[in-house]
Amino acid sequence: MDKTNRPIVLEAKGLTKRFPGVLANDNINLKLHQGEILALLGENGAGKSTLMNMLYGLYTPTEGEIWIKGEKVELSNPGEAIDRGVGMVHQHFQLVPPMTVAENVMLGSEITSGGGRLNMRQAIRNVRELSEQYGLAVDPTAVIEDLPVGTQQRVEIIKALYRHADILILDEPTAVLTPQEANELFRIMRDLTAQNVSIIFITHKLKEVLAVADRIGVLRSGQMVGTAMPEDSTETSLAEMMVGRNVILRVEKSASKPGQPVLQIQNLHVHDDRGHAAVEGVDLEVFAGEILGIAGVEGNGQRELVEALTGLRHIDAGKIRIDGQDTTHFSPRQITELGVAHIPEDREKHGLVMPYTLSDNMVLNRYFKAPYAKGLIMHHDKIDENGKVLVKEYDVRPPNVHALAQNLSGGNKQKVIVAREFSSPTKLLVAAQPTRGIDVGSIEFIHKEIVAQRDHGVAVLVVSAELDEVLGLADRVAVMFDGRVVKILPIAEATRERVGLLMAGSDA
Amino acid sequence: MTTAAMAKTKSRGDYVRIVGLIFGGIVLLGIIYGYITNPVTTTAVLASTLRQSTPLVLGALCGLIGERSGIINIGIEGQMLMAAFIAFLANVYTGNLFVAVLAGLATGAVLGGFLAFMSVTLKMDQIIGGTVINILALGLTSFFYQTGLTTQGKLQAIALGPLAEIPLIGPVFFDNPPITYATLILVMVVHYVLFYTRWGLRTRAVGEHPSAADTVGINVYKMRYINVIIGGSIAGLAGAYLTLEAVGSFERAMTNGRGFVALAVMIFGKYTPFGAWGAALLFGFAVALQTQLQFSGRLEIPHQFIGMLPYVLTIVVLAGFVGRTRVPAAVGKPYEKE
């Protein structure tokens, strides 16, 4: 709906933010009208977060002006933004896990009765009133860490409303939600705008933008490249604005030709870092020449499953066989040597050694073998040679093998890992969140490489929190919930709705 | 967390509670039995338990105020020692015990401020910051201490009228010197502040999730500074207790590891004031008991072994219980604003 005739509640005029060596935001103009949902679309690194942090008082603009409700403002800290009615729901929730909902909501603006004593009863009553007024179901006395993420997000919204926010900034709010939870969030957003709350909704997911926005602004490399109305836009047109060139959103692949089973998991039990059971009796088989995708909301045992089968986590019970060998108690190196490639979930922590050069990072799985080493001596010329070949083949930028891994962008870091893992003989590929937080171009590239591996007869296990990625890549989809594989579906039967329901734990 | 896991934690909580009740029951029966068979010794041991526990409770309160706000303080030992020394000097040169106590408090607070400066402003490793304080205190006090200084008295016990006449309870709880009383009050005050006031809510938030506190406009650095300084002054009170109330003079390295035992007490007490108090009483009891055993000379064991009792207890308790304590999530991590 067009709401541009309504009063402007927030306006950015020529906002520019310069960091040493980087122009993060370049002369950005933006208007938000009362009761409007403005979607702000852009790739990672396009400058969305910088812009929002300026509007929320976390950064001071280098140039430009911010106007809130017809008044020019200088925001030097979040407190001043809050006072003017701006509330922000961060991508990483800013909630204290062992505290209750009511305690979290009032933190920083506590209700006290003389001598600084907390008035919990009044706080609980206020939370309850807000949750009724805006349809945000939440128990004020529940402890945050016991709540599902969808509910935690509602607490974040209540937190902003409690501070009388009527301009809400939602930063990638659907990243951690199931499709059903996301739909519930969209309903809440519409309810809020009906009560004259204005919303800036930051995302890189095209579907959601079309589903919920009143107006769309697109950011690319620090500049506002255009605005659009959802009724005049398609996913492809928005993606092109976002990336600046033609993109293929769909993964192109032929039907799979599955062969022998390569990975066989029987009744696997694994615990998480806190000692709680995380994987509780998983059975899975992955065949040569197919991609098995694991869908599920994060934290349902996927991470522990991947760590167990790559030898990084102790296995409590059950059996894992890779290519016919019992690898249940193998070390990570023994597993790698069998021909298992692993793209770990956290590339900076487990995928790369950040202060090492690219050529060193490219041999982390084989530096101890000829031709890279002989006995105790490493052959740096061979290592660099290998690096140069791979950098070229996988289009890593900058194409300098002596650059340090820490100086690369997310997409290029991931390409280094992919190059290393795909360039040794592989029978099984385990890819966890292979495209998390990287640009559309790199996503396209990595997806193509994964499909190419499959077509070479590699068995592929893809774990991703992005449902679209799983549905795009997989030949079969396994859904994990609460430490178990609740269902395995052939891709033809795996619709968004059905998988979404399974992810939320209901039987479909 | 899954519901199954929640059920598991809950039943473990119940289990701990039952063991605690049984343990408490045995202790109570033991005290009654001891009082019936040998009232004089029992009263002496219990009174000594309370006094021995005083510096441990104070040290643990210092530690937990800091850690709840996210700063590890392993410099308690040094803060105590330095405060003990300065309080002693103040007593020697002014002869005013009240001024001496204030000097102890101030010394602890200054060292707390120093720790906060290192860990909050300089973002130094907090373990190293605490070690700096420990080494500094040991070196300075040993260097400047001269033998032959004489104090002008120490803090005397104040009997609280008729309350002190109650058998067993009276001499144990109501016939103590001022810092021991103050400690009992402090346990309650810190508990109230930590769990029922705005200050406490903010302190805990800063120690668990500092960026959450920051985004709602709480000054993380200021909260940490103030908590660590207040904690330091409480450690200073523990130091003052040693020279002004317990011994009446200063000796080199007289804290004798109490600052570290206080850390064990804090952890065993699950970062709560009452928990720390209970844990400290247990250690105090071990110290009182070993003193009594050595004194009576009835046991045919070399006295070194009896002297080990409190330290063995520290090891057993830490090895057996630490895993079950929930540590404030952000403790030890310097906070970087975005």
# chains A, B, ... in the order shown; residues from 1 in each chain; ligands from 1
>>> residues_around(residues="range 341-355 of chain A", least_positions_apart="5", cutoff="6 Å", atoms="only C-alpha atoms", output="number ranges by chain")
A: 404-406, 421, 429-433
>>> residues_around(residues="Tyr372 in chain A", least_positions_apart="5", cutoff="9 Å", atoms="only C-alpha atoms", output="list in words")
Val363, Arg366, Tyr367, Ile377, Met378, His379, His380, Asp381, Lys382 and Ile383 of chain A
>>> closest_residue(among="A:Leu390, A:Val262, A:Ala278, A:Ala12", to="chain B", atoms="only C-alpha atoms")
A:Ala278
>>> interface_residues(of="chain A", to="chain B", cutoff="9 Å", atoms="only C-alpha atoms", output="PyMOL selection string")
chain A and resi 58-59+77-80+82+88+93-99+103-104+107-112+115-120+145-148+276-277+482
>>> residues_around(residues="Arg252 in chain B", least_positions_apart="6", cutoff="12 Å", atoms="only C-alpha atoms", output="MDAnalysis selection string")
chainID B and resid 81:82 84:85 137:147 243
>>> write_last_selection(atoms="N, CA and C atoms", output="PDB file, in the first residue's frame")
ATOM      1  N   LEU B  81      46.104  -8.065  51.792  1.00  0.00           N
ATOM      2  CA  LEU B  81      47.415  -7.937  52.428  1.00  0.00           C
ATOM      3  C   LEU B  81      47.827  -6.472  52.532  1.00  0.00           C
ATOM      4  N   MET B  82      47.662  -5.757  51.432  1.00  0.00           N
ATOM      5  CA  MET B  82      48.040  -4.344  51.422  1.00  0.00           C
ATOM      6  C   MET B  82      47.184  -3.565  52.412  1.00  0.00           C
ATOM      7  N   ALA B  84      45.695  -4.751  55.016  1.00  0.00           N
ATOM      8  CA  ALA B  84      46.087  -5.146  56.379  1.00  0.00           C
ATOM      9  C   ALA B  84      47.293  -4.321  56.821  1.00  0.00           C
ATOM     10  N   PHE B  85      48.229  -4.146  55.914  1.00  0.00           N
ATOM     11  CA  PHE B  85      49.460  -3.423  56.240  1.00  0.00           C
ATOM     12  C   PHE B  85      49.187  -1.940  56.495  1.00  0.00           C
ATOM     13  N   ALA B 137      51.592  -6.306  46.212  1.00  0.00           N
ATOM     14  CA  ALA B 137      51.263  -6.207  47.632  1.00  0.00           C
ATOM     15  C   ALA B 137      52.274  -6.984  48.474  1.00  0.00           C
ATOM     16  N   LEU B 138      52.617  -8.166  48.022  1.00  0.00           N
ATOM     17  CA  LEU B 138      53.567  -8.979  48.778  1.00  0.00           C
ATOM     18  C   LEU B 138      54.922  -8.287  48.841  1.00  0.00           C
ATOM     19  N   GLY B 139      55.364  -7.760  47.684  1.00  0.00           N
ATOM     20  CA  GLY B 139      56.661  -7.099  47.626  1.00  0.00           C
ATOM     21  C   GLY B 139      56.700  -5.848  48.477  1.00  0.00           C
ATOM     22  N   LEU B 140      55.721  -4.969  48.310  1.00  0.00           N
ATOM     23  CA  LEU B 140      55.731  -3.697  49.018  1.00  0.00           C
ATOM     24  C   LEU B 140      55.618  -3.884  50.528  1.00  0.00           C
ATOM     25  N   THR B 141      54.668  -4.751  50.949  1.00  0.00           N
ATOM     26  CA  THR B 141      54.479  -4.905  52.396  1.00  0.00           C
ATOM     27  C   THR B 141      55.703  -5.544  53.037  1.00  0.00           C
ATOM     28  N   SER B 142      56.308  -6.518  52.354  1.00  0.00           N
ATOM     29  CA  SER B 142      57.486  -7.174  52.930  1.00  0.00           C
ATOM     30  C   SER B 142      58.652  -6.199  53.025  1.00  0.00           C
ATOM     31  N   PHE B 143      58.773  -5.340  51.992  1.00  0.00           N
ATOM     32  CA  PHE B 143      59.896  -4.410  51.956  1.00  0.00           C
ATOM     33  C   PHE B 143      59.778  -3.348  53.042  1.00  0.00           C
ATOM     34  N   PHE B 144      58.581  -2.804  53.194  1.00  0.00           N
ATOM     35  CA  PHE B 144      58.425  -1.659  54.101  1.00  0.00           C
ATOM     36  C   PHE B 144      58.145  -2.055  55.541  1.00  0.00           C
ATOM     37  N   TYR B 145      57.877  -3.323  55.773  1.00  0.00           N
ATOM     38  CA  TYR B 145      57.552  -3.716  57.135  1.00  0.00           C
ATOM     39  C   TYR B 145      58.808  -3.728  57.997  1.00  0.00           C
ATOM     40  N   GLN B 146      58.722  -3.035  59.134  1.00  0.00           N
ATOM     41  CA  GLN B 146      59.838  -3.091  60.069  1.00  0.00           C
ATOM     42  C   GLN B 146      59.341  -3.764  61.333  1.00  0.00           C
ATOM     43  N   THR B 147      60.179  -4.620  61.889  1.00  0.00           N
ATOM     44  CA  THR B 147      59.777  -5.258  63.140  1.00  0.00           C
ATOM     45  C   THR B 147      59.907  -4.236  64.261  1.00  0.00           C
ATOM     46  N   THR B 243      44.568  -7.405  60.802  1.00  0.00           N
ATOM     47  CA  THR B 243      45.504  -6.699  61.682  1.00  0.00           C
ATOM     48  C   THR B 243      44.822  -6.032  62.867  1.00  0.00           C
TER      49      THR B 243
END
>>> residues_around(residues="range 307-316 of chain B", least_positions_apart="2", cutoff="8 Å", atoms="only C-alpha atoms", output="list in words")
Val261, Ala264, Phe283, Ala286, Val287, Gln290, Thr291, His303, Gln304, Phe305, Leu318, Ala319 and Gly320 of chain B
>>> write_last_selection(atoms="C-alpha atoms", output="PDB file, in the first residue's frame")
ATOM      1  CA  VAL B 261      40.422 -19.608  49.590  1.00  0.00           C
ATOM      2  CA  ALA B 264      37.004 -21.012  46.239  1.00  0.00           C
ATOM      3  CA  PHE B 283      36.067 -23.489  55.784  1.00  0.00           C
ATOM      4  CA  ALA B 286      37.764 -26.636  59.264  1.00  0.00           C
ATOM      5  CA  VAL B 287      40.248 -24.027  60.496  1.00  0.00           C
ATOM      6  CA  GLN B 290      42.230 -28.071  63.230  1.00  0.00           C
ATOM      7  CA  THR B 291      43.270 -25.423  65.750  1.00  0.00           C
ATOM      8  CA  HIS B 303      50.281 -31.690  63.541  1.00  0.00           C
ATOM      9  CA  GLN B 304      51.218 -30.910  59.928  1.00  0.00           C
ATOM     10  CA  PHE B 305      48.514 -33.249  58.748  1.00  0.00           C
ATOM     11  CA  LEU B 318      36.605 -27.236  44.144  1.00  0.00           C
ATOM     12  CA  ALA B 319      37.196 -30.569  42.422  1.00  0.00           C
ATOM     13  CA  GLY B 320      33.790 -31.844  43.413  1.00  0.00           C
TER      14      GLY B 320
END
>>> residues_around(residues="Glu11 in chain A", least_positions_apart="3", cutoff="6 Å", atoms="only C-alpha atoms", output="JSON, numbers by chain")
{"A": [30, 31, 66, 67]}
>>> closest_residue(among="B:Gly59, B:Gly153, B:Pro167, B:Pro334", to="Leu237 in chain B", atoms="only C-alpha atoms")
B:Gly59
>>> decode(residues="range 369-415 of chain A", atoms="N, CA and C atoms", output="CSV table (one decimal), in the first residue's frame")
chain,number,residue,atom,x,y,z
A,369,LYS,N,52.2,-33.8,3.7
A,369,LYS,CA,52.5,-34.9,2.7
A,369,LYS,C,53.3,-34.3,1.6
A,370,ALA,N,53.9,-35.2,0.8
A,370,ALA,CA,54.6,-34.8,-0.4
A,370,ALA,C,53.5,-34.3,-1.4
A,371,PRO,N,53.8,-33.3,-2.2
A,371,PRO,CA,55.1,-32.7,-2.4
A,371,PRO,C,55.3,-31.5,-1.4
A,372,TYR,N,54.4,-31.2,-0.5
A,372,TYR,CA,54.4,-30.0,0.3
A,372,TYR,C,55.5,-30.1,1.4
A,373,ALA,N,55.8,-31.4,1.8
A,373,ALA,CA,56.7,-31.5,2.9
A,373,ALA,C,57.5,-32.8,2.7
A,374,LYS,N,58.7,-32.8,3.1
A,374,LYS,CA,59.5,-34.0,3.1
A,374,LYS,C,60.1,-34.2,4.5
A,375,GLY,N,59.6,-35.2,5.2
A,375,GLY,CA,60.1,-35.3,6.6
A,375,GLY,C,59.6,-34.1,7.4
A,376,LEU,N,60.6,-33.4,8.0
A,376,LEU,CA,60.2,-32.2,8.8
A,376,LEU,C,60.3,-30.9,8.1
A,377,ILE,N,60.8,-31.0,6.8
A,377,ILE,CA,61.0,-29.8,6.1
A,377,ILE,C,59.8,-29.5,5.2
A,378,MET,N,59.3,-28.2,5.2
A,378,MET,CA,58.2,-27.8,4.3
A,378,MET,C,58.8,-27.2,3.0
A,379,HIS,N,58.1,-27.5,1.9
A,379,HIS,CA,58.5,-26.9,0.7
A,379,HIS,C,57.7,-25.7,0.3
A,380,HIS,N,58.1,-24.5,0.6
A,380,HIS,CA,57.2,-23.4,0.4
A,380,HIS,C,57.0,-23.1,-1.0
A,381,ASP,N,57.9,-23.4,-1.9
A,381,ASP,CA,57.7,-23.1,-3.3
A,381,ASP,C,56.5,-24.0,-3.8
A,382,LYS,N,56.5,-25.2,-3.4
A,382,LYS,CA,55.4,-26.1,-3.8
A,382,LYS,C,54.0,-25.6,-3.3
A,383,ILE,N,54.1,-25.2,-2.0
A,383,ILE,CA,52.9,-24.7,-1.4
A,383,ILE,C,52.4,-23.4,-2.1
A,384,ASP,N,53.3,-22.5,-2.4
A,384,ASP,CA,52.9,-21.3,-3.2
A,384,ASP,C,52.3,-21.6,-4.6
A,385,GLU,N,53.0,-22.6,-5.2
A,385,GLU,CA,52.5,-23.0,-6.5
A,385,GLU,C,51.1,-23.5,-6.5
A,386,ASN,N,50.8,-24.4,-5.5
A,386,ASN,CA,49.5,-24.9,-5.3
A,386,ASN,C,48.5,-23.8,-5.1
A,387,GLY,N,48.9,-22.8,-4.2
A,387,GLY,CA,48.1,-21.7,-3.9
A,387,GLY,C,47.8,-20.9,-5.2
A,388,LYS,N,48.8,-20.6,-6.0
A,388,LYS,CA,48.6,-19.8,-7.2
A,388,LYS,C,47.6,-20.5,-8.1
A,389,VAL,N,47.7,-21.8,-8.3
A,389,VAL,CA,46.8,-22.5,-9.2
A,389,VAL,C,45.3,-22.4,-8.7
A,390,LEU,N,45.2,-22.6,-7.3
A,390,LEU,CA,43.8,-22.6,-6.8
A,390,LEU,C,43.2,-21.2,-6.8
A,391,VAL,N,44.0,-20.2,-6.4
A,391,VAL,CA,43.5,-18.8,-6.4
A,391,VAL,C,42.9,-18.5,-7.8
A,392,LYS,N,43.6,-18.9,-8.8
A,392,LYS,CA,43.1,-18.6,-10.2
A,392,LYS,C,41.9,-19.4,-10.5
A,393,GLU,N,41.9,-20.7,-10.2
A,393,GLU,CA,40.8,-21.6,-10.5
A,393,GLU,C,39.5,-21.2,-9.8
A,394,TYR,N,39.7,-20.8,-8.6
A,394,TYR,CA,38.5,-20.5,-7.8
A,394,TYR,C,38.2,-19.0,-7.7
A,395,ASP,N,38.9,-18.2,-8.4
A,395,ASP,CA,38.7,-16.8,-8.6
A,395,ASP,C,38.7,-16.1,-7.2
A,396,VAL,N,39.7,-16.3,-6.4
A,396,VAL,CA,39.8,-15.7,-5.1
A,396,VAL,C,40.4,-14.3,-5.3
A,397,ARG,N,39.8,-13.3,-4.6
A,397,ARG,CA,40.3,-11.9,-4.8
A,397,ARG,C,40.6,-11.4,-3.4
A,398,PRO,N,41.7,-10.7,-3.2
A,398,PRO,CA,42.7,-10.4,-4.3
A,398,PRO,C,43.5,-11.7,-4.6
A,399,PRO,N,44.0,-11.8,-5.9
A,399,PRO,CA,44.6,-13.1,-6.3
A,399,PRO,C,46.1,-13.1,-5.8
A,400,ASN,N,46.3,-12.8,-4.6
A,400,ASN,CA,47.7,-12.7,-4.0
A,400,ASN,C,47.8,-13.8,-3.0
A,401,VAL,N,48.7,-14.8,-3.2
A,401,VAL,CA,48.7,-16.0,-2.3
A,401,VAL,C,49.4,-15.6,-1.0
A,402,HIS,N,50.1,-14.4,-1.0
A,402,HIS,CA,50.7,-14.0,0.3
A,402,HIS,C,49.8,-13.1,1.1
A,403,ALA,N,48.6,-12.8,0.7
A,403,ALA,CA,47.7,-12.1,1.5
A,403,ALA,C,47.3,-12.9,2.7
A,404,LEU,N,47.0,-12.2,3.8
A,404,LEU,CA,46.5,-13.0,5.0
A,404,LEU,C,45.0,-13.2,4.9
A,405,ALA,N,44.7,-14.4,5.4
A,405,ALA,CA,43.3,-14.8,5.3
A,405,ALA,C,42.3,-13.8,6.0
A,406,GLN,N,42.8,-13.2,7.0
A,406,GLN,CA,42.0,-12.3,7.8
A,406,GLN,C,41.6,-11.0,7.0
A,407,ASN,N,42.3,-10.7,5.9
A,407,ASN,CA,42.0,-9.5,5.2
A,407,ASN,C,41.1,-9.7,4.0
A,408,LEU,N,40.6,-10.9,3.9
A,408,LEU,CA,39.6,-11.2,2.8
A,408,LEU,C,38.2,-11.0,3.2
A,409,SER,N,37.3,-10.8,2.2
A,409,SER,CA,35.9,-10.6,2.5
A,409,SER,C,35.4,-12.0,2.8
A,410,GLY,N,34.2,-12.1,3.3
A,410,GLY,CA,33.6,-13.4,3.7
A,410,GLY,C,33.5,-14.3,2.5
A,411,GLY,N,33.0,-13.8,1.4
A,411,GLY,CA,32.9,-14.7,0.2
A,411,GLY,C,34.2,-15.3,-0.2
A,412,ASN,N,35.2,-14.4,-0.2
A,412,ASN,CA,36.5,-14.9,-0.6
A,412,ASN,C,37.2,-15.9,0.4
A,413,LYS,N,36.9,-15.6,1.7
A,413,LYS,CA,37.4,-16.6,2.7
A,413,LYS,C,36.8,-18.0,2.4
A,414,GLN,N,35.5,-17.9,2.1
A,414,GLN,CA,34.8,-19.2,1.9
A,414,GLN,C,35.3,-19.9,0.6
A,415,LYS,N,35.7,-19.1,-0.4
A,415,LYS,CA,36.2,-19.6,-1.6
A,415,LYS,C,37.6,-20.3,-1.3
